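Take a look at the structure below.
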Amino acid sequence: MKHFLDIHTTDPDDLRSMLDEARAMKVARNSRPKGTPDDEQPLAGRMVALIFEKPSTRTRVSFDMGVRQLGGQSMVLSGGEMQLGHGESIADTARVLSRYVDMIMIRTNEETILHELAEYASVPVINGLTNESHPCQIMADMLTFEEHRGSMAGKKVVWVGDGNNVCASMLHAAGQMGFNLTFTGPMQLDPDPKAVGFARDKGAEVVIERDPARAVEGADLVVTDTWVSMHDAQSTRERRHNMLRPYQVNDALMAQAGDQALFMHCLPAHRGEEVTSSVMDGPQSVIFDEAENRLHAQKAVMRWCLGL
Ligand code: CP
Ligand code: NVA
């Protein structure tokens with residue numbers, strides 16, 4: 001059994017095989033009605049706990065559907081309604097849940113919580129987003145890019161806006177899969193230096209460019225995310241908006257990038273803030289393929305974790 005905690009701690013060959021399996025499962029899947037089981041039922045008789053300490057639409061529904069399609073069952077648990085939210089230690093929660101369920105997916109706050117859960121669990125643990133990372137999202141993003149444009153190796157990804165948790169996982173992927181990343185945003189919101197260092201150490205070119213118009217030139221992929229993440233204090237909202245307004249992804253910025261550039265956003269998006277509706281719904285946008293691919297990518301992640 002293996003944990004899926006972060007992109008940079010997962011072997012690149014394993015990432016590759018999960019993406020290939022996700023693609024194959026997607027092709028097989030899309031010939032059937034949504035709720036029906038897959039031909040292969042590797043999770044038959046298995047129970048997966050899906051723990052949420054923060055809100056979610058995509059992660060919750062795509063994991064739940066993925067488990068069902070693979071023949072398993074899932075239970076969705078809200079952190080605040082568990083003893084976890086009332087002082088029971090992470091380690092004890094991990095030990096107890098491991099006696100009941102076959103796998104745990106958790107969306108939590110600090111990355112240290114995820115790592116403690118994984119250390120004390122005797123079943124696989126999957127990272128469904130922390131304040132510092134969102135690896136399942138980036139698996140879906142890579143699957144989506146490959147479907148539209150082929151290999152990411154050597155490609156130019158431009159991250160626009162806040163250098164947040166999702167950006168860190170994209171940097172990890174740049175290092176692991178050999179693509180380059182240009183970050184454009186205000187200095188105060190630069191990406192995690194450890195993630196930048198990881199990508200550079202692995203040979204990815206990471207460029208910090210304050211001018212968004214220059215940054216996106218020749219991009220193969222333009223990506224942005226919300227200006228205020230779930231872990232950001234609401235009191236920082238106005239300051240963040242003021243800093244990030246020059247970094248809105250709009251038609252002018254996409255024109256500057258060129259027709260070859262795809263547009264992605266992990267969603268939920270705030271139309272008219274970090275991105276305009278014209279870009280979200282425009283010809284370069286693949287946001288709903290990206291959302292769909294959470295399902296297929298995570299099914300491959302779950303199979304990999306259980307060796308099934
Ligand atoms: N992209 C993503 O993780 O969406 P949810 O917050 O809705 O799960
Ligand atoms: N950066 C966002 C991603 C949501 C899927 C957040 O953490 O709120």
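Numbering starts fresh at 1 for the residues of each chain in the structure tokens, the chains themselves are lettered A, B, ... in the order given, and ligands are numbered from 1 as they appear.
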
**Study point:** Members of range 58-279 of chain A assigned helix (DSSP H, G or I) by DSSP, as a PyMOL selection string
**Key:** chain A and resi 58-69+79-81+83-86+90-100+111-120+135-149+165-177+187-189+193-201+212-215+234-247+251-257+277-279

Exercise for review: Give as JSON, numbers by chain the residues surrounding ligand 1 up to a distance of 7 Å, considering only C-alpha atoms and all ligand atoms.
Suggested key: {"A": [55, 56, 57, 58, 59, 60, 129, 137, 266, 267, 268]}

Once you count only C-alpha atoms and all ligand atoms, which residues end up within 8 Å of ligand 2, and could you hand them over as a PDB file with N, CA and C atoms, in the first residue's frame?
ATOM      1  N   SER A  56     -15.979  21.618  -0.342  1.00  0.00           N
ATOM      2  CA  SER A  56     -15.557  21.022  -1.620  1.00  0.00           C
ATOM      3  C   SER A  56     -16.778  20.663  -2.452  1.00  0.00           C
ATOM      4  N   LEU A 129      -6.184  18.116  -0.853  1.00  0.00           N
ATOM      5  CA  LEU A 129      -5.854  19.551  -0.736  1.00  0.00           C
ATOM      6  C   LEU A 129      -5.454  19.874   0.695  1.00  0.00           C
ATOM      7  N   THR A 130      -4.352  20.597   0.805  1.00  0.00           N
ATOM      8  CA  THR A 130      -3.944  21.222   2.072  1.00  0.00           C
ATOM      9  C   THR A 130      -3.698  22.700   1.773  1.00  0.00           C
ATOM     10  N   ASN A 131      -3.345  23.447   2.832  1.00  0.00           N
ATOM     11  CA  ASN A 131      -3.001  24.864   2.608  1.00  0.00           C
ATOM     12  C   ASN A 131      -1.805  24.991   1.673  1.00  0.00           C
ATOM     13  N   HIS A 134      -2.043  20.675  -3.695  1.00  0.00           N
ATOM     14  CA  HIS A 134      -3.279  20.065  -4.228  1.00  0.00           C
ATOM     15  C   HIS A 134      -2.886  19.100  -5.356  1.00  0.00           C
ATOM     16  N   GLN A 137      -5.420  17.706  -8.066  1.00  0.00           N
ATOM     17  CA  GLN A 137      -5.788  18.689  -9.079  1.00  0.00           C
ATOM     18  C   GLN A 137      -4.771  18.697 -10.219  1.00  0.00           C
ATOM     19  N   ASN A 164      -0.101  30.052  -4.880  1.00  0.00           N
ATOM     20  CA  ASN A 164      -0.727  29.352  -3.743  1.00  0.00           C
ATOM     21  C   ASN A 164      -0.454  27.844  -3.739  1.00  0.00           C
ATOM     22  N   ASN A 165      -1.305  27.122  -2.995  1.00  0.00           N
ATOM     23  CA  ASN A 165      -1.177  25.659  -2.851  1.00  0.00           C
ATOM     24  C   ASN A 165      -1.219  24.927  -4.200  1.00  0.00           C
ATOM     25  N   VAL A 166      -2.109  25.328  -5.086  1.00  0.00           N
ATOM     26  CA  VAL A 166      -2.236  24.648  -6.384  1.00  0.00           C
ATOM     27  C   VAL A 166      -1.000  24.953  -7.239  1.00  0.00           C
ATOM     28  N   ASP A 225      -6.026  30.903 -10.465  1.00  0.00           N
ATOM     29  CA  ASP A 225      -6.842  30.361  -9.375  1.00  0.00           C
ATOM     30  C   ASP A 225      -7.412  31.557  -8.610  1.00  0.00           C
ATOM     31  N   THR A 226      -8.290  31.255  -7.694  1.00  0.00           N
ATOM     32  CA  THR A 226      -8.930  32.290  -6.882  1.00  0.00           C
ATOM     33  C   THR A 226      -7.900  33.225  -6.245  1.00  0.00           C
ATOM     34  N   TRP A 227      -8.299  34.460  -6.017  1.00  0.00           N
ATOM     35  CA  TRP A 227      -7.405  35.413  -5.352  1.00  0.00           C
ATOM     36  C   TRP A 227      -7.414  35.242  -3.830  1.00  0.00           C
ATOM     37  N   VAL A 228      -8.441  34.582  -3.303  1.00  0.00           N
ATOM     38  CA  VAL A 228      -8.522  34.360  -1.852  1.00  0.00           C
ATOM     39  C   VAL A 228      -8.827  32.886  -1.627  1.00  0.00           C
ATOM     40  N   SER A 229      -7.829  32.144  -1.204  1.00  0.00           N
ATOM     41  CA  SER A 229      -8.020  30.715  -0.966  1.00  0.00           C
ATOM     42  C   SER A 229      -8.742  30.480   0.352  1.00  0.00           C
ATOM     43  N   MET A 230      -9.199  29.230   0.532  1.00  0.00           N
ATOM     44  CA  MET A 230      -9.980  28.907   1.726  1.00  0.00           C
ATOM     45  C   MET A 230      -9.200  29.172   3.012  1.00  0.00           C
ATOM     46  N   HIS A 231      -7.872  29.037   2.948  1.00  0.00           N
ATOM     47  CA  HIS A 231      -7.076  29.227   4.165  1.00  0.00           C
ATOM     48  C   HIS A 231      -6.663  30.684   4.382  1.00  0.00           C
ATOM     49  N   ASP A 232      -6.948  31.563   3.410  1.00  0.00           N
ATOM     50  CA  ASP A 232      -6.575  32.974   3.565  1.00  0.00           C
ATOM     51  C   ASP A 232      -7.614  33.700   4.420  1.00  0.00           C
ATOM     52  N   CYS A 266      -8.599  25.537 -11.627  1.00  0.00           N
ATOM     53  CA  CYS A 266      -9.034  24.349 -10.872  1.00  0.00           C
ATOM     54  C   CYS A 266     -10.506  24.435 -10.480  1.00  0.00           C
ATOM     55  N   LEU A 267     -11.053  25.671 -10.440  1.00  0.00           N
ATOM     56  CA  LEU A 267     -12.422  25.948  -9.999  1.00  0.00           C
ATOM     57  C   LEU A 267     -12.544  25.626  -8.487  1.00  0.00           C
ATOM     58  N   PRO A 268     -13.357  26.291  -7.722  1.00  0.00           N
ATOM     59  CA  PRO A 268     -14.333  27.266  -8.175  1.00  0.00           C
ATOM     60  C   PRO A 268     -13.680  28.581  -8.596  1.00  0.00           C
TER      61      PRO A 268
END

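Excluding Asp11 in chain A itself and any same-chain residue fewer than 6 positions from it, the protein and nucleic acid residues within 12 Å of it, counting only C-alpha atoms, are Lys2, His3, Phe4, Leu5, Ser17, Met18, His172, Ala173, Gly175, Gln176, Met177 and Trp304 of chain A.
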
**Study point:** Test item: residues at most 9 Å from Thr144 in chain A, only C-alpha atoms, excluding those fewer than 3 positions along its chain, as an MDAnalysis selection string
**Key:** chainID A and resid 139:141 147:149 286 289:290 293

Review point. Skipping near chain neighbours, those fewer than 2 positions away, what residues fall within 9 Å of Gln69 in chain A using only C-alpha atoms, listed as an MDAnalysis selection string?
Key: chainID A and resid 29 34:41 43 64:67 71:72 299

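Residues surrounding Lys155 in chain A within 7 Å are Met152, Ala153, Val157, Phe179, Asn180 and Asp220 of chain A [only C-alpha atoms; sequence separation below 2 positions excluded].
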
Preceding selection exported with C-alpha atoms as a JSON list (two decimals), in the first residue's frame:
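Result file out.json:
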[["chain", "number", "residue", "atom", "x", "y", "z"],
["A", 152, "MET", "CA", 4.05, 18.35, -21.35],
["A", 153, "ALA", "CA", 7.80, 17.85, -21.59],
["A", 157, "VAL", "CA", 3.09, 26.78, -18.29],
["A", 179, "PHE", "CA", 8.00, 21.24, -18.18],
["A", 180, "ASN", "CA", 8.83, 24.89, -17.51],
["A", 220, "ASP", "CA", 1.29, 26.53, -23.99]]

Exercise for review: Please identify all polymer residues within 8 Å of Gln298 in chain A, counting only C-alpha atoms, omitting same-chain residues fewer than 3 positions from it, and present them as a ChimeraX atom specification.
Suggested key: /A:22,62-63,66,136,139-140,294-295,301-302

At a cut-off of 9 Å, can you tabulate as CSV every residue of range 156-178 of chain A near range 184-196 of chain A together with its closest atom pair and the distance in Å to one decimal, using only C-alpha atoms and ordering rows by chain then number?
residue,atom,partner,partner_atom,distance
A:Val158,CA,A:Thr184,CA,7.3
A:Trp159,CA,A:Thr184,CA,6.2
A:Val160,CA,A:Thr184,CA,5.0
A:Gly161,CA,A:Gly185,CA,4.6
A:Asp162,CA,A:Leu189,CA,5.4
A:Gly163,CA,A:Pro191,CA,3.9
A:Asn164,CA,A:Pro191,CA,6.1
A:Asn165,CA,A:Pro191,CA,8.3
A:Cys167,CA,A:Pro191,CA,6.8
A:Ala168,CA,A:Ala195,CA,5.6
A:Ser169,CA,A:Ala195,CA,7.7
A:Met170,CA,A:Ala195,CA,8.8
A:Leu171,CA,A:Ala195,CA,5.8
A:His172,CA,A:Ala195,CA,6.0
A:Gly175,CA,A:Val196,CA,8.9

Selected residues written out with N, CA and C atoms, as an mmCIF file, in the first residue's frame:
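The result, written out as out.cif:
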data_model
loop_
_atom_site.group_PDB
_atom_site.id
_atom_site.type_symbol
_atom_site.label_atom_id
_atom_site.label_comp_id
_atom_site.auth_asym_id
_atom_site.auth_seq_id
_atom_site.Cartn_x
_atom_site.Cartn_y
_atom_site.Cartn_z
ATOM 1 N N VAL A 158 2.254 28.979 -17.688
ATOM 2 C CA VAL A 158 2.330 30.283 -17.019
ATOM 3 C C VAL A 158 1.272 30.331 -15.926
ATOM 4 N N TRP A 159 1.730 30.476 -14.700
ATOM 5 C CA TRP A 159 0.824 30.602 -13.554
ATOM 6 C C TRP A 159 0.613 32.087 -13.291
ATOM 7 N N VAL A 160 -0.643 32.531 -13.326
ATOM 8 C CA VAL A 160 -0.972 33.949 -13.198
ATOM 9 C C VAL A 160 -1.692 34.193 -11.865
ATOM 10 N N GLY A 161 -1.164 35.115 -11.048
ATOM 11 C CA GLY A 161 -1.900 35.529 -9.852
ATOM 12 C C GLY A 161 -1.224 35.169 -8.554
ATOM 13 N N ASP A 162 -1.906 34.348 -7.748
ATOM 14 C CA ASP A 162 -1.438 34.006 -6.402
ATOM 15 C C ASP A 162 -0.592 32.726 -6.462
ATOM 16 N N GLY A 163 0.601 32.765 -5.924
ATOM 17 C CA GLY A 163 1.467 31.572 -5.900
ATOM 18 C C GLY A 163 1.067 30.636 -4.763
ATOM 19 N N ASN A 164 -0.101 30.052 -4.880
ATOM 20 C CA ASN A 164 -0.727 29.352 -3.743
ATOM 21 C C ASN A 164 -0.454 27.844 -3.739
ATOM 22 N N ASN A 165 -1.305 27.122 -2.995
ATOM 23 C CA ASN A 165 -1.177 25.659 -2.851
ATOM 24 C C ASN A 165 -1.219 24.927 -4.200
ATOM 25 N N CYS A 167 -0.517 26.187 -7.143
ATOM 26 C CA CYS A 167 0.700 26.580 -7.859
ATOM 27 C C CYS A 167 1.892 25.740 -7.381
ATOM 28 N N ALA A 168 1.978 25.486 -6.079
ATOM 29 C CA ALA A 168 3.088 24.673 -5.557
ATOM 30 C C ALA A 168 3.060 23.281 -6.170
ATOM 31 N N SER A 169 1.874 22.676 -6.259
ATOM 32 C CA SER A 169 1.796 21.335 -6.862
ATOM 33 C C SER A 169 2.143 21.382 -8.348
ATOM 34 N N MET A 170 1.795 22.482 -9.023
ATOM 35 C CA MET A 170 2.178 22.620 -10.439
ATOM 36 C C MET A 170 3.699 22.710 -10.563
ATOM 37 N N LEU A 171 4.338 23.406 -9.633
ATOM 38 C CA LEU A 171 5.809 23.471 -9.644
ATOM 39 C C LEU A 171 6.412 22.093 -9.393
ATOM 40 N N HIS A 172 5.832 21.356 -8.465
ATOM 41 C CA HIS A 172 6.323 19.989 -8.229
ATOM 42 C C HIS A 172 6.222 19.161 -9.515
ATOM 43 N N GLY A 175 8.906 19.903 -12.115
ATOM 44 C CA GLY A 175 10.137 19.178 -11.829
ATOM 45 C C GLY A 175 10.052 17.711 -12.203
#
